[in-house]
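Enquirer: Shown below is the structure under consideration.
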Amino acid sequence: MSSSGLSSTDLLQAIINSAAGKGVDLWAEDGDLHYSAPAGGLDEEMLASLRANKAELIRYLERSPRMSPRAVNAGERSAAGVRRLSLAYSQLVHWNLYRLYERNAIRQIASAIYLRGCLDVSALQEGLATIVRRHEALRTRIITHEGQPKQEILHDIRCDLEIEALPENLEIPLDEAIARRIEAYILAPIRVDSAPLFGACLIRVRDSEHVLILAMEHMISDAYSAGIVLRDLLAVYAQSVTHSPRELPAIEMQFSDHVAAVARLERLQCSGINPDGTDYLASYSRTRFPDKHTARDGSRRGWDSAPIAIGPRLKVSLQRWCRANRTTLSMALFTAHIALVLRWCNTWNTVVQYVSDGRMTPDVANTVGFFASMLYVRVTLSPEDDFIKMLRHVTEEYCVAYERADHSYRESRIPRPGFTYNTAFNWIPLGAELDLSLTLGSAFSLQCSPIHFDHPMLATLERDNEPVLFLSESGEGASGGILFPLNRFSRKSMESFSHNFLAFIDVLLNDPHRRIVDVDITDLD
């Protein structure tokens with residue numbers, strides 16, 4: 001690694017970033033420099049750089065515990081030297097679902113793209129191997145050790161690209177055949193104690209047309225991570241077929257490092273019981289949406305959604321409003337949703353589950369892992385509350401819920417009439433930027449387009465749930481909808497909810513001091 005033009009600190013940081021980009025972990029412990037690397041991760045140039053700067057790297061890492069959480073809490077190691085850590089809170093939620101047999105483990109975080117053009121399958125397989133070496137989460141399995149769930153990060157695993165072809169004479173339309181294959185791949189049960197929990201399947205449609213499915217178990221990934229994996233895979237593929245230098249964004253912190261750092265903070269901040277000894281959710285009961293326009297019909301299965309779109313102009317206006325009120329886009333939308341829920345359901349208090357990505361710092365911007373936070377936020381509406389007061393109240397309760405995340409989750413599982421399945425707000429922030437136009441020269445031109453599909457889990461989810469508002473941010477705006485169970489609600493009623501949600505946003509922007517109890521609810525019927 002050349003040191004031309006770099007200060008001593010910049011050089012050390014460049015070495016650490018370069019190592020992280022190749023899946024090599026560096027940390028200082030007991031006055032020595034330690035590393036963990038997948039097969040092929042340490043090349044001669046990297047080894048020479050580490051040897052030449054060893055003393056400086058040790059001092060630098062010891063002074064920067066944020067950058068080397070392993071020095072603070074490296075976890076334990078198996079007899080084979082495999083790193084082993086406890087699960088993060090978000091992972092424990094899913095582990096409990098599996099342990100209680102509420103659902104099988106599947107690779108439910110999935111994306112699919114249509115590839116048109118000359119595809120080099122061997123280069124794609126090479127790219128797959130590269131990103132598995134690069135991201136620890138893709139080499140992680142979940143085991144039980146001494147009665148406790150642990151995640152093990154394996155040094156090296158084999159993750160083959162599954163290749164298959166659609167029959168030449170299909171009896172059903174092509175789109176339907178592809179959708180069925182995506183569904184089958186996602187729903188195939190897997191064992192979380194057997195890596196890899198990540199898979200890739202390439203379906204040959206015609207000689208110059210393929211479908212690529214990428215799928216990951218939720219305990220090692222989230223929607224944002226899916227974008228990172230696809231971005232890195234396409235970048236490595238393009239560099240391989242054009243024989244370009246291998247360049248990927250640096251990974252400053254692997255997911256296991258994040259888990260270790262968070263675990264240390266939790267031990268410092270949490271004694272293992274509620275801070276004041278009380279049940280955070282005790283005085284709040286389930287909020288039921290009114291079953292308007294729908295006869296109870298248990299034969300109606302699955303879920304549907306009424307769309308919601310926040311266009312570029314509205315997003316810009318919201319961002320300007322958020323800056324003026326020192327809040328975030330997601331918190332403003334969350335506040336509008338809660339205000340509408342309280343009015344729609346004619347209640348003064350509720351608990352709304354807030355689900356979001358949970359990436360709070362830039363050092364995990366390129367990290368694959370399960371960062372989602374699932375918080376139970378209590379909210380009470382007073383007669384004089386306007387949107388500004390509600391925003392302040394929601395923000396305060398969000399902070400309390402964040403501090404008590406593990407406690408409130410346990411409380412939500414205490415047997416109470418249907419409490420667990422309150423309404424939820426699911427925010428998916430702007431993900432990794434993708435270049436889906438791989439024009440790599442005439443011989444390697446490849447057009448990539450995302451395939452939109454309904455997640456197959458929705459067809460089998462039959463619990464008595466309240467509707468969920470979900471929004472995915474994009475560069476121009478945000479889109480999503482109100483997701484609702486068909487056995488209780490009509491699409492007409494939920495379209496009315498979507499319409500009113502946008503109306504509440506309009507009031508928040510243009511008349512934020514109007515009392516929430518005075519905002520009209522429009523019935524579209």
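Just so we're on the same page: first chain in the structure tokens is A, next is B, and so on; residues restart at 1 for each chain, and ligands are numbered from 1 in the order they show up.
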From a backbone DSSP assignment, name each residue in segment 167-376 of chain A labelled helix (DSSP H, G or I), as a VMD selection string.
Expert: chain A and resid 174 to 187 218 to 220 223 to 241 255 to 269 312 to 324 329 to 344 362 to 364
Enquirer: At a cut-off of 6 Å, using only C-alpha atoms, what residues contact segment 474-485 of chain A? Leave out same-chain residues fewer than 6 positions from it and give the result as a list in words.
Expert: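 Close residues of segment 474-485 of chain A: Trp303, Asp304, Ser305, Ala306, Pro307, Ile308, Ala309, Ile310, Gly311, Pro312, Lys315, Leu430, Pro467 and Val468 of chain A.
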Enquirer: Would you pick out the contacts of Leu202 of chain A at 7 Å or less, using only C-alpha atoms, so that residues sharing its chain but fewer than 6 positions from it are not included, and give the list as a VMD selection string?
Expert: chain A and resid 161 to 164 210 to 213
Enquirer: Based on the selection just made, write C-alpha atoms of those residues as a compact mmCIF listing (two decimals), in the first residue's frame.
Expert:
```
# COMPACT_ATOMS: atom_id res chain seq x y z
CA LEU A 161 -24.47 -20.47 -6.94
CA GLU A 162 -27.47 -22.71 -7.52
CA ILE A 163 -28.16 -22.93 -11.25
CA GLU A 164 -31.31 -24.23 -12.88
CA HIS A 210 -31.51 -15.04 -16.48
CA VAL A 211 -33.11 -14.35 -13.11
CA LEU A 212 -30.86 -13.96 -10.07
CA ILE A 213 -32.38 -14.54 -6.62
```
Enquirer: Would you mind reading off the distance between atom CA of Arg359 of chain A and atom CA of Leu458 of chain A, one decimal, in Å?
Expert: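 One can read the atom CA of Arg359 of chain A to atom CA of Leu458 of chain A distance as 26.0 Å.
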Enquirer: Counting only C-alpha atoms, which residues of segment 93-169 of chain A sit at most 12 Å from some atom of segment 248-262 of chain A, and what is each one's closest atom pair with its distance in Å to one decimal, listed by chain and rising residue number, as CSV?
Expert:
```
residue,atom,partner,partner_atom,distance
A:Gly127,CA,A:Leu248,CA,11.8
A:Thr130,CA,A:Leu248,CA,10.8
A:Ile131,CA,A:Leu248,CA,10.0
A:Arg133,CA,A:Gln254,CA,11.9
A:Arg134,CA,A:Ile251,CA,8.6
A:His135,CA,A:Gln254,CA,7.1
A:Glu136,CA,A:Gln254,CA,6.5
A:Ala137,CA,A:Phe255,CA,6.5
A:Leu138,CA,A:Phe255,CA,10.2
A:Arg139,CA,A:Ser256,CA,11.0
A:Thr140,CA,A:Ser256,CA,9.3
A:Arg141,CA,A:Ser256,CA,11.9
A:Lys150,CA,A:Ser256,CA,11.2
A:Gln151,CA,A:Ser256,CA,8.6
A:Glu152,CA,A:Ser256,CA,9.3
A:Ile153,CA,A:Ser256,CA,8.1
A:Leu154,CA,A:Ser256,CA,11.7
```
Enquirer: Have a look at A:Leu128, A:Cys399, A:Ala28, A:Val121 and name the one nearest to Asp160 of chain A; count only C-alpha atoms.
Expert: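 Checking each of A:Leu128, A:Cys399, A:Ala28, A:Val121 against Asp160 of chain A, counting only C-alpha atoms, the winner is A:Leu128.
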Enquirer: Which of segment 135-373 of chain A end up as strand (DSSP E or B) when DSSP is run on this backbone - answer as a PDB file with N, CA and C atoms, in the first residue's frame?
Expert:
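Okay, selection.pdb is ready:
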```pdb
ATOM      1  N   THR A 140     -22.002 -16.548   9.024  1.00  0.00           N
ATOM      2  CA  THR A 140     -22.460 -16.712  10.402  1.00  0.00           C
ATOM      3  C   THR A 140     -23.534 -17.788  10.497  1.00  0.00           C
ATOM      4  N   ARG A 141     -23.472 -18.546  11.557  1.00  0.00           N
ATOM      5  CA  ARG A 141     -24.550 -19.484  11.885  1.00  0.00           C
ATOM      6  C   ARG A 141     -24.952 -19.254  13.342  1.00  0.00           C
ATOM      7  N   ILE A 142     -26.136 -19.732  13.730  1.00  0.00           N
ATOM      8  CA  ILE A 142     -26.660 -19.550  15.077  1.00  0.00           C
ATOM      9  C   ILE A 142     -26.717 -20.911  15.756  1.00  0.00           C
ATOM     10  N   ILE A 143     -25.999 -21.040  16.860  1.00  0.00           N
ATOM     11  CA  ILE A 143     -25.935 -22.317  17.564  1.00  0.00           C
ATOM     12  C   ILE A 143     -26.401 -22.128  19.008  1.00  0.00           C
ATOM     13  N   THR A 144     -26.565 -23.248  19.713  1.00  0.00           N
ATOM     14  CA  THR A 144     -26.825 -23.221  21.149  1.00  0.00           C
ATOM     15  C   THR A 144     -25.577 -23.721  21.856  1.00  0.00           C
ATOM     16  N   HIS A 145     -25.031 -22.896  22.732  1.00  0.00           N
ATOM     17  CA  HIS A 145     -23.810 -23.248  23.466  1.00  0.00           C
ATOM     18  C   HIS A 145     -24.064 -23.050  24.954  1.00  0.00           C
ATOM     19  N   GLN A 148     -27.344 -21.405  25.747  1.00  0.00           N
ATOM     20  CA  GLN A 148     -27.606 -20.059  25.283  1.00  0.00           C
ATOM     21  C   GLN A 148     -27.394 -19.943  23.777  1.00  0.00           C
ATOM     22  N   PRO A 149     -28.246 -19.161  23.087  1.00  0.00           N
ATOM     23  CA  PRO A 149     -28.029 -18.969  21.655  1.00  0.00           C
ATOM     24  C   PRO A 149     -26.796 -18.105  21.409  1.00  0.00           C
ATOM     25  N   LYS A 150     -25.974 -18.519  20.475  1.00  0.00           N
ATOM     26  CA  LYS A 150     -24.759 -17.788  20.127  1.00  0.00           C
ATOM     27  C   LYS A 150     -24.652 -17.709  18.609  1.00  0.00           C
ATOM     28  N   GLN A 151     -23.959 -16.698  18.126  1.00  0.00           N
ATOM     29  CA  GLN A 151     -23.640 -16.644  16.706  1.00  0.00           C
ATOM     30  C   GLN A 151     -22.164 -16.930  16.527  1.00  0.00           C
ATOM     31  N   GLU A 152     -21.878 -17.822  15.607  1.00  0.00           N
ATOM     32  CA  GLU A 152     -20.509 -18.191  15.285  1.00  0.00           C
ATOM     33  C   GLU A 152     -20.147 -17.652  13.911  1.00  0.00           C
ATOM     34  N   ILE A 153     -18.997 -16.994  13.825  1.00  0.00           N
ATOM     35  CA  ILE A 153     -18.517 -16.469  12.551  1.00  0.00           C
ATOM     36  C   ILE A 153     -17.434 -17.402  12.034  1.00  0.00           C
ATOM     37  N   LEU A 161     -23.363 -21.038  -6.181  1.00  0.00           N
ATOM     38  CA  LEU A 161     -24.465 -20.468  -6.941  1.00  0.00           C
ATOM     39  C   LEU A 161     -25.319 -21.609  -7.478  1.00  0.00           C
ATOM     40  N   GLU A 162     -26.564 -21.681  -7.027  1.00  0.00           N
ATOM     41  CA  GLU A 162     -27.472 -22.710  -7.515  1.00  0.00           C
ATOM     42  C   GLU A 162     -27.942 -22.318  -8.918  1.00  0.00           C
ATOM     43  N   ILE A 163     -27.820 -23.234  -9.854  1.00  0.00           N
ATOM     44  CA  ILE A 163     -28.163 -22.926 -11.247  1.00  0.00           C
ATOM     45  C   ILE A 163     -29.223 -23.917 -11.730  1.00  0.00           C
ATOM     46  N   GLU A 164     -30.271 -23.384 -12.323  1.00  0.00           N
ATOM     47  CA  GLU A 164     -31.312 -24.226 -12.885  1.00  0.00           C
ATOM     48  C   GLU A 164     -31.915 -23.534 -14.093  1.00  0.00           C
ATOM     49  N   ALA A 165     -32.710 -24.253 -14.833  1.00  0.00           N
ATOM     50  CA  ALA A 165     -33.317 -23.702 -16.050  1.00  0.00           C
ATOM     51  C   ALA A 165     -34.820 -23.935 -16.020  1.00  0.00           C
ATOM     52  N   PHE A 198     -27.169 -17.690   3.818  1.00  0.00           N
ATOM     53  CA  PHE A 198     -27.310 -16.855   2.626  1.00  0.00           C
ATOM     54  C   PHE A 198     -27.258 -17.763   1.400  1.00  0.00           C
ATOM     55  N   GLY A 199     -28.078 -17.465   0.411  1.00  0.00           N
ATOM     56  CA  GLY A 199     -28.076 -18.280  -0.789  1.00  0.00           C
ATOM     57  C   GLY A 199     -28.315 -17.457  -2.040  1.00  0.00           C
ATOM     58  N   ALA A 200     -27.879 -17.986  -3.159  1.00  0.00           N
ATOM     59  CA  ALA A 200     -28.080 -17.332  -4.454  1.00  0.00           C
ATOM     60  C   ALA A 200     -28.486 -18.387  -5.473  1.00  0.00           C
ATOM     61  N   CYS A 201     -29.486 -18.066  -6.251  1.00  0.00           N
ATOM     62  CA  CYS A 201     -30.001 -18.998  -7.253  1.00  0.00           C
ATOM     63  C   CYS A 201     -30.104 -18.277  -8.588  1.00  0.00           C
ATOM     64  N   LEU A 202     -29.543 -18.889  -9.629  1.00  0.00           N
ATOM     65  CA  LEU A 202     -29.581 -18.330 -10.982  1.00  0.00           C
ATOM     66  C   LEU A 202     -30.495 -19.200 -11.841  1.00  0.00           C
ATOM     67  N   ILE A 203     -31.533 -18.596 -12.388  1.00  0.00           N
ATOM     68  CA  ILE A 203     -32.499 -19.311 -13.214  1.00  0.00           C
ATOM     69  C   ILE A 203     -32.300 -18.893 -14.664  1.00  0.00           C
ATOM     70  N   ARG A 204     -32.003 -19.870 -15.500  1.00  0.00           N
ATOM     71  CA  ARG A 204     -31.862 -19.594 -16.928  1.00  0.00           C
ATOM     72  C   ARG A 204     -33.237 -19.590 -17.575  1.00  0.00           C
ATOM     73  N   VAL A 205     -33.603 -18.428 -18.146  1.00  0.00           N
ATOM     74  CA  VAL A 205     -34.875 -18.311 -18.851  1.00  0.00           C
ATOM     75  C   VAL A 205     -34.664 -18.609 -20.329  1.00  0.00           C
ATOM     76  N   ARG A 206     -33.674 -17.932 -20.912  1.00  0.00           N
ATOM     77  CA  ARG A 206     -33.214 -18.185 -22.280  1.00  0.00           C
ATOM     78  C   ARG A 206     -31.710 -18.001 -22.283  1.00  0.00           C
ATOM     79  N   GLU A 209     -31.042 -14.519 -21.153  1.00  0.00           N
ATOM     80  CA  GLU A 209     -31.929 -13.995 -20.109  1.00  0.00           C
ATOM     81  C   GLU A 209     -31.864 -14.906 -18.885  1.00  0.00           C
ATOM     82  N   HIS A 210     -31.605 -14.286 -17.726  1.00  0.00           N
ATOM     83  CA  HIS A 210     -31.513 -15.038 -16.478  1.00  0.00           C
ATOM     84  C   HIS A 210     -32.208 -14.258 -15.362  1.00  0.00           C
ATOM     85  N   VAL A 211     -32.586 -14.965 -14.327  1.00  0.00           N
ATOM     86  CA  VAL A 211     -33.114 -14.351 -13.112  1.00  0.00           C
ATOM     87  C   VAL A 211     -32.188 -14.733 -11.962  1.00  0.00           C
ATOM     88  N   LEU A 212     -31.733 -13.730 -11.223  1.00  0.00           N
ATOM     89  CA  LEU A 212     -30.863 -13.960 -10.070  1.00  0.00           C
ATOM     90  C   LEU A 212     -31.641 -13.677  -8.791  1.00  0.00           C
ATOM     91  N   ILE A 213     -31.709 -14.675  -7.921  1.00  0.00           N
ATOM     92  CA  ILE A 213     -32.381 -14.536  -6.622  1.00  0.00           C
ATOM     93  C   ILE A 213     -31.319 -14.552  -5.531  1.00  0.00           C
ATOM     94  N   LEU A 214     -31.335 -13.545  -4.674  1.00  0.00           N
ATOM     95  CA  LEU A 214     -30.461 -13.502  -3.505  1.00  0.00           C
ATOM     96  C   LEU A 214     -31.352 -13.531  -2.271  1.00  0.00           C
ATOM     97  N   ALA A 215     -31.042 -14.407  -1.328  1.00  0.00           N
ATOM     98  CA  ALA A 215     -31.904 -14.545  -0.152  1.00  0.00           C
ATOM     99  C   ALA A 215     -31.060 -14.810   1.088  1.00  0.00           C
ATOM    100  N   MET A 216     -31.476 -14.200   2.217  1.00  0.00           N
ATOM    101  CA  MET A 216     -30.739 -14.324   3.470  1.00  0.00           C
ATOM    102  C   MET A 216     -31.706 -14.512   4.629  1.00  0.00           C
ATOM    103  N   TRP A 303     -52.834 -11.463   2.982  1.00  0.00           N
ATOM    104  CA  TRP A 303     -52.811 -10.017   3.215  1.00  0.00           C
ATOM    105  C   TRP A 303     -52.878  -9.276   1.897  1.00  0.00           C
ATOM    106  N   ASP A 304     -53.319  -8.043   1.978  1.00  0.00           N
ATOM    107  CA  ASP A 304     -53.331  -7.155   0.824  1.00  0.00           C
ATOM    108  C   ASP A 304     -52.769  -5.816   1.287  1.00  0.00           C
ATOM    109  N   SER A 305     -52.594  -4.897   0.368  1.00  0.00           N
ATOM    110  CA  SER A 305     -52.096  -3.582   0.764  1.00  0.00           C
ATOM    111  C   SER A 305     -52.755  -2.498  -0.068  1.00  0.00           C
ATOM    112  N   ALA A 306     -52.989  -1.363   0.586  1.00  0.00           N
ATOM    113  CA  ALA A 306     -53.471  -0.165  -0.104  1.00  0.00           C
ATOM    114  C   ALA A 306     -52.282   0.770  -0.246  1.00  0.00           C
ATOM    115  N   PRO A 307     -51.934   1.161  -1.467  1.00  0.00           N
ATOM    116  CA  PRO A 307     -50.674   1.884  -1.690  1.00  0.00           C
ATOM    117  C   PRO A 307     -50.662   3.295  -1.115  1.00  0.00           C
ATOM    118  N   ILE A 308     -49.461   3.733  -0.751  1.00  0.00           N
ATOM    119  CA  ILE A 308     -49.198   5.105  -0.326  1.00  0.00           C
ATOM    120  C   ILE A 308     -47.937   5.559  -1.041  1.00  0.00           C
ATOM    121  N   ALA A 309     -47.967   6.752  -1.621  1.00  0.00           N
ATOM    122  CA  ALA A 309     -46.793   7.275  -2.309  1.00  0.00           C
ATOM    123  C   ALA A 309     -46.510   8.700  -1.841  1.00  0.00           C
ATOM    124  N   ILE A 310     -45.264   8.933  -1.444  1.00  0.00           N
ATOM    125  CA  ILE A 310     -44.798  10.272  -1.087  1.00  0.00           C
ATOM    126  C   ILE A 310     -43.855  10.699  -2.199  1.00  0.00           C
ATOM    127  N   ASN A 349     -55.156   6.458  23.966  1.00  0.00           N
ATOM    128  CA  ASN A 349     -53.788   5.945  24.142  1.00  0.00           C
ATOM    129  C   ASN A 349     -53.637   4.637  23.398  1.00  0.00           C
ATOM    130  N   THR A 350     -52.420   4.359  23.013  1.00  0.00           N
ATOM    131  CA  THR A 350     -52.142   3.129  22.263  1.00  0.00           C
ATOM    132  C   THR A 350     -50.660   2.802  22.381  1.00  0.00           C
ATOM    133  N   VAL A 351     -50.309   1.638  21.899  1.00  0.00           N
ATOM    134  CA  VAL A 351     -48.914   1.231  21.744  1.00  0.00           C
ATOM    135  C   VAL A 351     -48.719   0.888  20.278  1.00  0.00           C
ATOM    136  N   VAL A 352     -47.754   1.531  19.647  1.00  0.00           N
ATOM    137  CA  VAL A 352     -47.471   1.281  18.234  1.00  0.00           C
ATOM    138  C   VAL A 352     -46.063   0.713  18.123  1.00  0.00           C
ATOM    139  N   GLN A 353     -45.940  -0.378  17.422  1.00  0.00           N
ATOM    140  CA  GLN A 353     -44.615  -0.960  17.216  1.00  0.00           C
ATOM    141  C   GLN A 353     -43.899  -0.168  16.122  1.00  0.00           C
ATOM    142  N   TYR A 354     -42.689   0.274  16.432  1.00  0.00           N
ATOM    143  CA  TYR A 354     -41.869   1.013  15.476  1.00  0.00           C
ATOM    144  C   TYR A 354     -40.749   0.098  15.005  1.00  0.00           C
ATOM    145  N   VAL A 355     -40.700  -0.149  13.713  1.00  0.00           N
ATOM    146  CA  VAL A 355     -39.680  -1.018  13.135  1.00  0.00           C
ATOM    147  C   VAL A 355     -38.894  -0.212  12.113  1.00  0.00           C
ATOM    148  N   SER A 356     -37.581  -0.138  12.296  1.00  0.00           N
ATOM    149  CA  SER A 356     -36.757   0.594  11.346  1.00  0.00           C
ATOM    150  C   SER A 356     -35.400  -0.062  11.247  1.00  0.00           C
ATOM    151  N   SER A 373     -34.495  -2.227  14.519  1.00  0.00           N
ATOM    152  CA  SER A 373     -34.957  -2.056  15.893  1.00  0.00           C
ATOM    153  C   SER A 373     -36.463  -2.233  15.911  1.00  0.00           C
TER     154      SER A 373
END
```
Enquirer: Between atom CA of Ala14 of chain A and atom CA of Thr361 of chain A, what is the distance, to one decimal in Å?
Expert: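 Those two atoms sit 19.0 Å apart.
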Enquirer: Skip Ile157 of chain A itself and residues of its chain fewer than 6 positions away, then list as an NGL selection string all residues within 8 Å of it, counting only C-alpha atoms.
Expert: :A and (132 or 139 or 195-196)
Enquirer: With a distance cut-off of 12 Å and only C-alpha atoms, select the neighbouring residues of Phe289 of chain A, excluding the residue or stretch itself and same-chain residues fewer than 6 positions from it, and output the selection as a list of chain:residue names.
Expert: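 My reading of the contact set: A:Leu340, A:Val341, A:Leu342, A:Arg343, A:Trp344, A:Cys345, A:Asn346, A:Thr347, A:Thr350, A:Tyr421, A:Asn422, A:Thr423, A:Asp464, A:Asn465, A:Glu466, A:Pro467, A:Val468, A:Phe484, A:Pro485, A:Arg488, A:Phe489, A:Ser490, A:Ser493, A:Met494, A:Phe497.
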Enquirer: With a distance cut-off of 8 Å and only C-alpha atoms, select the neighbouring residues of Leu12 of chain A, excluding the residue or stretch itself and same-chain residues fewer than 5 positions from it, and output the selection as a JSON list (two decimals) with N, CA and C atoms, in the first residue's frame.
Expert:
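Contents of result30.json, freshly written:
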```
[["chain", "number", "residue", "atom", "x", "y", "z"],
["A", 53, "ASN", "N", 3.94, -1.67, 9.75],
["A", 53, "ASN", "CA", 3.28, -0.65, 10.58],
["A", 53, "ASN", "C", 2.70, -1.24, 11.87],
["A", 56, "GLU", "N", 2.74, 0.94, 15.21],
["A", 56, "GLU", "CA", 1.85, 2.09, 15.10],
["A", 56, "GLU", "C", 0.38, 1.67, 15.09],
["A", 57, "LEU", "N", 0.08, 0.54, 14.43],
["A", 57, "LEU", "CA", -1.29, 0.04, 14.40],
["A", 57, "LEU", "C", -1.77, -0.35, 15.79],
["A", 60, "TYR", "N", -2.51, 2.78, 17.69],
["A", 60, "TYR", "CA", -3.68, 3.45, 17.12],
["A", 60, "TYR", "C", -4.97, 2.74, 17.52]]
```
